[in-house]
file final.cif (mmCIF, C-alpha atoms)
data_input
#
loop_
_atom_site.label_atom_id
_atom_site.label_comp_id
_atom_site.auth_asym_id
_atom_site.auth_seq_id
_atom_site.Cartn_x
_atom_site.Cartn_y
_atom_site.Cartn_z
CA MET A 49 76.76 -4.72 -146.21
CA ASP A 50 76.79 -7.75 -143.92
CA LYS A 51 76.53 -7.30 -140.17
CA PRO A 52 79.83 -8.31 -138.48
CA VAL A 53 79.78 -11.90 -137.26
CA PRO A 54 80.61 -12.14 -133.53
CA GLY A 55 84.17 -13.22 -132.84
CA SER A 56 85.48 -12.41 -136.32
CA SER A 57 87.35 -9.18 -135.68
CA GLY A 58 91.08 -9.27 -136.45
CA ASP A 59 91.49 -13.06 -136.39
CA PRO A 60 93.28 -14.37 -139.51
CA ASP A 61 92.29 -17.97 -138.75
CA TYR A 62 88.58 -17.17 -138.48
CA MET A 63 86.59 -18.72 -141.34
CA MET A 64 83.95 -16.14 -142.17
CA SER A 65 82.14 -18.34 -144.69
CA LEU A 66 81.65 -21.08 -142.09
CA ALA A 67 80.38 -18.54 -139.54
CA ARG A 68 77.87 -17.18 -142.04
CA GLY A 69 76.64 -20.67 -142.93
CA LEU A 70 76.12 -21.53 -139.26
CA ALA A 71 74.27 -18.24 -138.72
CA VAL A 72 71.89 -19.16 -141.55
CA LEU A 73 71.40 -22.64 -140.10
CA ARG A 74 70.64 -21.20 -136.68
CA CYS A 75 67.98 -18.80 -137.92
CA PHE A 76 65.86 -21.81 -138.95
CA ALA A 77 65.88 -22.97 -135.31
CA ASP A 78 64.86 -19.51 -134.15
CA GLU A 79 61.91 -19.25 -136.56
CA ARG A 80 60.84 -22.93 -136.87
CA ARG A 81 59.28 -22.43 -140.31
CA PRO A 82 60.26 -22.38 -143.99
CA MET A 83 62.09 -19.19 -144.89
CA THR A 84 62.90 -17.07 -147.90
CA ILE A 85 66.28 -15.54 -148.61
CA ALA A 86 64.91 -12.14 -147.59
CA GLN A 87 63.68 -13.46 -144.23
CA ALA A 88 66.97 -15.22 -143.48
CA SER A 89 68.84 -12.05 -144.45
CA ARG A 90 66.79 -10.00 -142.01
CA LEU A 91 67.29 -12.48 -139.16
CA THR A 92 71.04 -12.94 -139.64
CA GLY A 93 72.01 -9.43 -140.69
CA LEU A 94 73.78 -10.88 -143.73
CA SER A 95 73.27 -9.57 -147.25
CA ARG A 96 70.88 -11.41 -149.53
CA PRO A 97 73.69 -12.56 -151.88
CA ALA A 98 75.59 -14.01 -148.89
CA VAL A 99 72.49 -15.81 -147.60
CA LYS A 100 71.73 -17.11 -151.10
CA ARG A 101 75.22 -18.64 -151.37
CA CYS A 102 74.90 -20.23 -147.92
CA LEU A 103 71.52 -21.74 -148.74
CA TYR A 104 72.71 -22.93 -152.14
CA THR A 105 75.61 -24.73 -150.45
CA LEU A 106 73.39 -26.24 -147.76
CA VAL A 107 71.02 -27.55 -150.44
CA ARG A 108 73.91 -29.04 -152.42
CA LEU A 109 75.24 -30.75 -149.28
CA GLY A 110 71.81 -32.16 -148.36
CA TYR A 111 71.25 -30.09 -145.23
CA ALA A 112 68.47 -27.96 -146.73
CA ALA A 113 65.75 -28.24 -149.37
CA GLN A 114 64.31 -25.62 -151.68
CA ASP A 115 60.66 -25.31 -152.68
CA GLY A 116 60.25 -22.30 -154.91
CA THR A 117 61.38 -19.28 -152.92
CA HIS A 118 61.23 -21.07 -149.57
CA TYR A 119 63.89 -23.17 -147.85
CA THR A 120 63.58 -25.81 -145.14
CA LEU A 121 66.09 -27.93 -143.28
CA ARG A 122 66.43 -31.63 -144.06
CA PRO A 123 66.79 -34.49 -141.55
CA LYS A 124 70.53 -34.59 -142.18
CA THR A 125 70.90 -31.56 -139.89
CA LEU A 126 69.91 -33.76 -136.94
CA ALA A 127 73.37 -35.31 -137.12
CA LEU A 128 74.89 -31.97 -136.08
CA GLY A 129 72.94 -31.88 -132.80
CA TYR A 130 73.37 -35.60 -132.22
CA ALA A 131 77.14 -35.17 -132.39
CA TYR A 132 76.95 -33.08 -129.23
CA LEU A 133 74.47 -35.32 -127.44
CA SER A 134 76.43 -38.49 -128.18
CA SER A 135 79.70 -36.94 -127.01
CA SER A 136 78.39 -35.13 -123.92
CA THR A 137 78.93 -37.18 -120.79
CA LEU A 138 76.56 -34.92 -118.86
CA ALA A 139 73.66 -35.25 -121.30
CA THR A 140 74.18 -39.01 -121.64
CA ARG A 141 74.19 -39.52 -117.87
CA ALA A 142 71.28 -37.15 -117.30
CA GLN A 143 68.69 -38.69 -119.60
CA PRO A 144 67.96 -41.91 -117.65
CA LEU A 145 67.95 -39.93 -114.40
CA LEU A 146 65.46 -37.44 -115.81
CA ASP A 147 63.31 -40.29 -117.11
CA ARG A 148 63.28 -41.76 -113.61
CA LEU A 149 62.50 -38.38 -112.06
CA ARG A 150 59.60 -37.84 -114.48
CA ASP A 151 58.13 -41.23 -113.62
CA GLU A 152 58.51 -40.53 -109.91
CA LEU A 153 57.03 -37.02 -109.94
CA HIS A 154 54.71 -37.35 -112.97
CA GLU A 155 55.97 -33.99 -114.22
CA SER A 156 58.26 -32.84 -117.02
CA CYS A 157 61.87 -32.23 -116.02
CA SER A 158 64.90 -30.86 -117.82
CA LEU A 159 68.63 -30.29 -117.67
CA GLY A 160 70.04 -27.00 -118.94
CA VAL A 161 73.40 -25.29 -119.34
CA ILE A 162 74.34 -21.68 -119.96
CA GLU A 163 75.45 -20.79 -123.48
CA GLU A 164 75.56 -17.40 -125.20
CA GLY A 165 73.47 -15.73 -122.53
CA GLU A 166 70.64 -18.27 -122.63
CA VAL A 167 69.59 -21.59 -121.10
CA TYR A 168 70.15 -24.42 -123.55
CA TYR A 169 68.16 -27.59 -122.92
CA VAL A 170 70.51 -30.57 -123.24
CA ALA A 171 68.24 -33.29 -121.80
CA ARG A 172 64.50 -33.49 -121.13
CA ALA A 173 61.88 -36.00 -120.02
CA GLU A 174 58.26 -35.03 -120.69
CA VAL A 175 54.86 -36.11 -119.52
CA SER A 176 51.95 -36.05 -121.94
CA ARG A 177 50.47 -32.70 -120.95
CA ILE A 178 49.92 -29.90 -123.43
CA MET A 179 51.65 -26.61 -122.63
CA SER A 180 51.96 -23.63 -124.94
CA ILE A 181 55.75 -23.52 -124.61
CA ALA A 182 57.15 -26.35 -126.73
CA LEU A 183 60.33 -27.36 -124.93
CA ARG A 184 62.70 -30.01 -126.20
CA VAL A 185 66.40 -30.78 -126.38
CA GLY A 186 67.95 -27.79 -128.13
CA SER A 187 65.34 -25.29 -126.90
CA ARG A 188 66.60 -22.00 -125.50
CA LEU A 189 65.09 -19.73 -122.86
CA PRO A 190 66.11 -16.41 -121.26
CA LEU A 191 68.24 -16.68 -118.16
CA TYR A 192 66.68 -13.87 -116.13
CA CYS A 193 63.10 -15.20 -116.00
CA SER A 194 63.52 -19.00 -116.04
CA SER A 195 64.22 -21.15 -112.99
CA MET A 196 67.24 -22.90 -114.52
CA GLY A 197 68.54 -19.57 -115.81
CA ARG A 198 68.39 -18.00 -112.36
CA VAL A 199 70.23 -20.97 -110.85
CA LEU A 200 72.93 -20.67 -113.51
CA LEU A 201 73.25 -16.90 -113.04
CA ALA A 202 73.37 -17.31 -109.27
CA GLY A 203 76.48 -19.42 -109.74
CA GLN A 204 78.30 -16.60 -111.51
CA SER A 205 80.25 -13.68 -110.08
CA ARG A 206 78.59 -10.30 -109.49
CA GLU A 207 80.67 -8.85 -112.33
CA ASP A 208 79.51 -11.50 -114.79
CA ARG A 209 75.90 -11.00 -113.74
CA ASP A 210 76.23 -7.24 -114.16
CA ALA A 211 77.62 -7.72 -117.66
CA TYR A 212 74.77 -10.08 -118.56
CA LEU A 213 72.08 -7.69 -117.31
CA ARG A 214 73.63 -4.75 -119.18
CA ARG A 215 73.68 -6.50 -122.54
CA THR A 216 70.31 -8.27 -122.23
CA ASP A 217 66.97 -6.86 -123.30
CA LEU A 218 65.00 -7.56 -120.11
CA LYS A 219 61.54 -7.93 -121.61
CA ALA A 220 58.45 -8.49 -119.48
CA LEU A 221 57.13 -11.75 -120.93
CA THR A 222 54.14 -11.66 -118.55
CA ALA A 223 52.76 -9.15 -116.06
CA LYS A 224 54.74 -11.00 -113.37
CA THR A 225 58.17 -10.93 -115.05
CA GLU A 226 60.82 -9.17 -112.97
CA THR A 227 62.93 -6.88 -115.17
CA ASP A 228 64.52 -4.46 -112.68
CA PRO A 229 68.28 -5.20 -112.52
CA SER A 230 68.65 -4.38 -108.82
CA ARG A 231 65.75 -6.65 -107.86
CA LEU A 232 67.08 -9.38 -110.14
CA HIS A 233 70.44 -9.19 -108.36
CA ALA A 234 68.62 -9.65 -105.05
CA ILE A 235 66.80 -12.68 -106.49
CA PHE A 236 70.09 -14.20 -107.72
CA ASP A 237 71.66 -13.68 -104.28
CA LYS A 238 68.71 -15.41 -102.62
CA VAL A 239 68.90 -18.32 -105.10
CA ARG A 240 72.61 -18.68 -104.37
CA GLU A 241 71.96 -18.70 -100.62
CA GLU A 242 69.00 -21.12 -100.70
CA GLY A 243 70.32 -23.41 -103.43
CA HIS A 244 67.22 -23.36 -105.60
CA ALA A 245 65.05 -21.04 -107.72
CA VAL A 246 61.29 -20.83 -108.08
CA VAL A 247 59.71 -18.98 -111.02
CA ASP A 248 56.00 -18.31 -110.73
CA GLU A 249 54.41 -17.42 -114.07
CA GLU A 250 57.20 -15.02 -115.06
CA LEU A 251 58.09 -16.95 -118.20
CA GLU A 252 54.53 -17.82 -119.16
CA ILE A 253 51.17 -17.42 -117.43
CA GLY A 254 50.06 -20.82 -116.16
CA LEU A 255 53.61 -22.18 -115.82
CA ARG A 256 55.57 -22.61 -112.58
CA SER A 257 58.98 -24.21 -112.21
CA ILE A 258 61.64 -24.99 -109.64
CA ALA A 259 65.32 -25.64 -110.33
CA VAL A 260 68.49 -26.60 -108.47
CA PRO A 261 72.17 -26.41 -109.47
CA VAL A 262 74.29 -29.32 -110.64
CA MET A 263 77.73 -28.76 -109.17
CA GLY A 264 81.06 -29.50 -110.82
CA PRO A 265 84.69 -28.97 -109.75
CA ALA A 266 84.55 -25.30 -110.84
CA GLY A 267 81.11 -24.53 -109.41
CA VAL A 268 77.66 -24.61 -111.02
CA MET A 269 77.93 -26.48 -114.32
CA ALA A 270 74.22 -27.08 -115.09
CA ALA A 271 70.73 -26.87 -113.65
CA VAL A 272 67.90 -29.36 -113.38
CA ASN A 273 64.26 -28.35 -113.04
CA VAL A 274 60.64 -29.45 -112.89
CA GLY A 275 57.93 -27.46 -114.67
CA VAL A 276 54.25 -27.69 -113.74
CA GLN A 277 50.91 -26.20 -114.67
CA ALA A 278 49.96 -23.52 -112.16
CA SER A 279 46.38 -24.82 -111.99
CA ARG A 280 47.60 -28.08 -110.46
CA VAL A 281 50.45 -27.06 -108.15
CA SER A 282 50.61 -23.90 -106.05
CA ALA A 283 53.79 -21.85 -105.78
CA ALA A 284 54.03 -22.78 -102.10
CA GLY A 285 53.68 -26.46 -102.98
CA LEU A 286 56.70 -26.59 -105.30
CA ARG A 287 59.39 -26.84 -102.64
CA PRO A 288 57.97 -29.61 -100.42
CA ARG A 289 56.77 -31.61 -103.39
CA PHE A 290 59.77 -31.45 -105.73
CA LEU A 291 62.87 -30.03 -104.05
CA PRO A 292 64.11 -33.22 -102.29
CA ALA A 293 63.92 -35.28 -105.49
CA LEU A 294 65.57 -32.54 -107.56
CA ARG A 295 68.45 -32.26 -105.11
CA ARG A 296 68.92 -36.02 -105.14
CA ILE A 297 69.15 -36.10 -108.95
CA ALA A 298 71.49 -33.10 -108.98
CA ALA A 299 73.78 -34.82 -106.49
CA GLU A 300 73.93 -37.92 -108.70
CA LEU A 301 74.83 -35.79 -111.70
CA GLY A 302 77.32 -33.53 -109.90
#
call {"tool": "encode", "arguments": {"input": "final.cif", "output": "structure tokens"}}
result
Amino acid sequence: MDKPVPGSSGDPDYMMSLARGLAVLRCFADERRPMTIAQASRLTGLSRPAVKRCLYTLVRLGYAAQDGTHYTLRPKTLALGYAYLSSSTLATRAQPLLDRLRDELHESCSLGVIEEGEVYYVARAEVSRIMSIALRVGSRLPLYCSSMGRVLLAGQSREDRDAYLRRTDLKALTAKTETDPSRLHAIFDKVREEGHAVVDEELEIGLRSIAVPVMGPAGVMAAVNVGVQASRVSAAGLRPRFLPALRRIAAELG
């Protein structure tokens, strides 16, 4: 029995086969490795016959390739993500600004939006430093323990934040990760008041970041951040070193 696909209940216009195919496509992004039918079935909650039909169709259409029992995505899938990037005014405008910010600060910087309870990276400019978290356009991170996520949550109502915290598995990713809902609410309130968020090794040991909101007509529409290695920049040094430039870029984007 297949697990119900979100959004499918009682809607006669909902195309279940398309939803299942997209779920199979997405599980490749989550795992980042070749997968068998059994592995994709476990990740999506779909039955093996349903996954097999989805993969067969993706192979026939040129979006996937089969090597024995394993499946991988083909370059043709890049067109799906590019369709968003090429049509998004925000991402298109942000990229040259992030490139300029990276060159000014000599640090990696990113633009993120909230989608399905996560931060989605829609633009990024990197410096050539090796970090264990591989972040790129299309990467996703938890909202509660990332600087951009906290900025995005701070822009929401208390009711929306409550709903997010109730449905989210608040895992401690490091010994410093805050997972208590009441303390997280206090953090979100402080971020909203101060207009920026600092995360000190809560997402990953050795990684610090600072983020500010990008404002739109309806409120916070995105967040922009700078991430640094903790060995090079102290937590206290983030604000004086990066906050003015981040706010300037956010104002240009807003």
call {"tool": "residues_around", "arguments": {"input": "final.cif", "residues": "Leu73 in chain A", "least_positions_apart": "4", "cutoff": "10 Å", "atoms": "all atoms listed in the file", "output": "PyMOL selection string"}}
result
chain A and resi 67-69+77-78+88+92+102-103+106+111-112+120-121+125
call {"tool": "closest_residue", "arguments": {"input": "final.cif", "among": "A:Gly203, A:Gln87, A:Thr222, A:Met64", "to": "Gly264 in chain A", "atoms": "all atoms listed in the file"}}
result
A:Gly203
call {"tool": "atom_distance", "arguments": {"input": "final.cif", "atom1": "CA of Glu174 in chain A", "atom2": "CA of Thr227 in chain A"}}
result
29.1 Å
call {"tool": "atom_distance", "arguments": {"input": "final.cif", "atom1": "CA of Glu164 in chain A", "atom2": "CA of Arg74 in chain A"}}
result
13.1 Å
call {"tool": "closest_residue", "arguments": {"input": "final.cif", "among": "A:Asn273, A:Ser257, A:Ser282, A:Ser95", "to": "Gly160 in chain A", "atoms": "all atoms listed in the file"}}
result
A:Asn273
call {"tool": "atom_distance", "arguments": {"input": "final.cif", "atom1": "CA of Gly116 in chain A", "atom2": "CA of Gly93 in chain A"}}
result
22.5 Å
call {"tool": "closest_residue", "arguments": {"input": "final.cif", "among": "A:Leu301, A:Ala86, A:Ala98, A:Ala127", "to": "Ala71 in chain A", "atoms": "all atoms listed in the file"}}
result
A:Ala98
call {"tool": "axis_aligned_box", "arguments": {"input": "final.cif", "around": "range 160-176 of chain A", "padding_each_side": "4 Å", "output": "lines of an AutoDock Vina configuration file"}}
result
center_x = 63.8
center_y = -25.9
center_z = -122.1
size_x = 31.6
size_y = 28.4
size_z = 14.3
call {"tool": "residues_around", "arguments": {"input": "final.cif", "residues": "Val262 in chain A", "least_positions_apart": "4", "cutoff": "9 Å", "atoms": "all atoms listed in the file", "output": "PyMOL selection string"}}
result
chain A and resi 267-272+295+297-302
call {"tool": "closest_residue", "arguments": {"input": "final.cif", "among": "A:Ser89, A:Thr225, A:Thr137, A:Ser279", "to": "Phe76 in chain A", "atoms": "all atoms listed in the file"}}
result
A:Ser89
call {"tool": "resolve_selection", "arguments": {"input": "final.cif", "expression": "the PyMOL selection byres ((chain A and resi 248) around 12)", "output": "NGL selection string"}}
result
:A and (193-195 or 222-226 or 245-247 or 249-259 or 275-279 or 281-286)
call {"tool": "residues_near_point", "arguments": {"input": "final.cif", "point": "(72.2, -29.8, -124.4)", "cutoff": "7 Å", "atoms": "all atoms listed in the file", "output": "list in words"}}
result
Leu133, Ala139, Gly160, Val161, Tyr168, Tyr169, Val170, Ala171, Val185 and Gly186 of chain A
call {"tool": "resolve_selection", "arguments": {"input": "final.cif", "expression": "the PyMOL selection byres ((chain A and resi 148) around 12)", "output": "PyMOL selection string"}}
result
chain A and resi 141-147+149-158+172-175+293-294+296-297
call {"tool": "closest_residue", "arguments": {"input": "final.cif", "among": "A:Asp61, A:Asp237, A:Glu242, A:Asp228", "to": "Arg287 in chain A", "atoms": "only C-alpha atoms"}}
result
A:Glu242
call {"tool": "closest_residue", "arguments": {"input": "final.cif", "among": "A:Pro190, A:Pro82, A:Pro97, A:Gly197", "to": "Val239 in chain A", "atoms": "only C-alpha atoms"}}
result
A:Gly197
call {"tool": "resolve_selection", "arguments": {"input": "final.cif", "expression": "the PyMOL selection byres ((chain A and resi 191) around 10)", "output": "PyMOL selection string"}}
result
chain A and resi 162-163+165-168+188-190+192-201+212-213+216+218
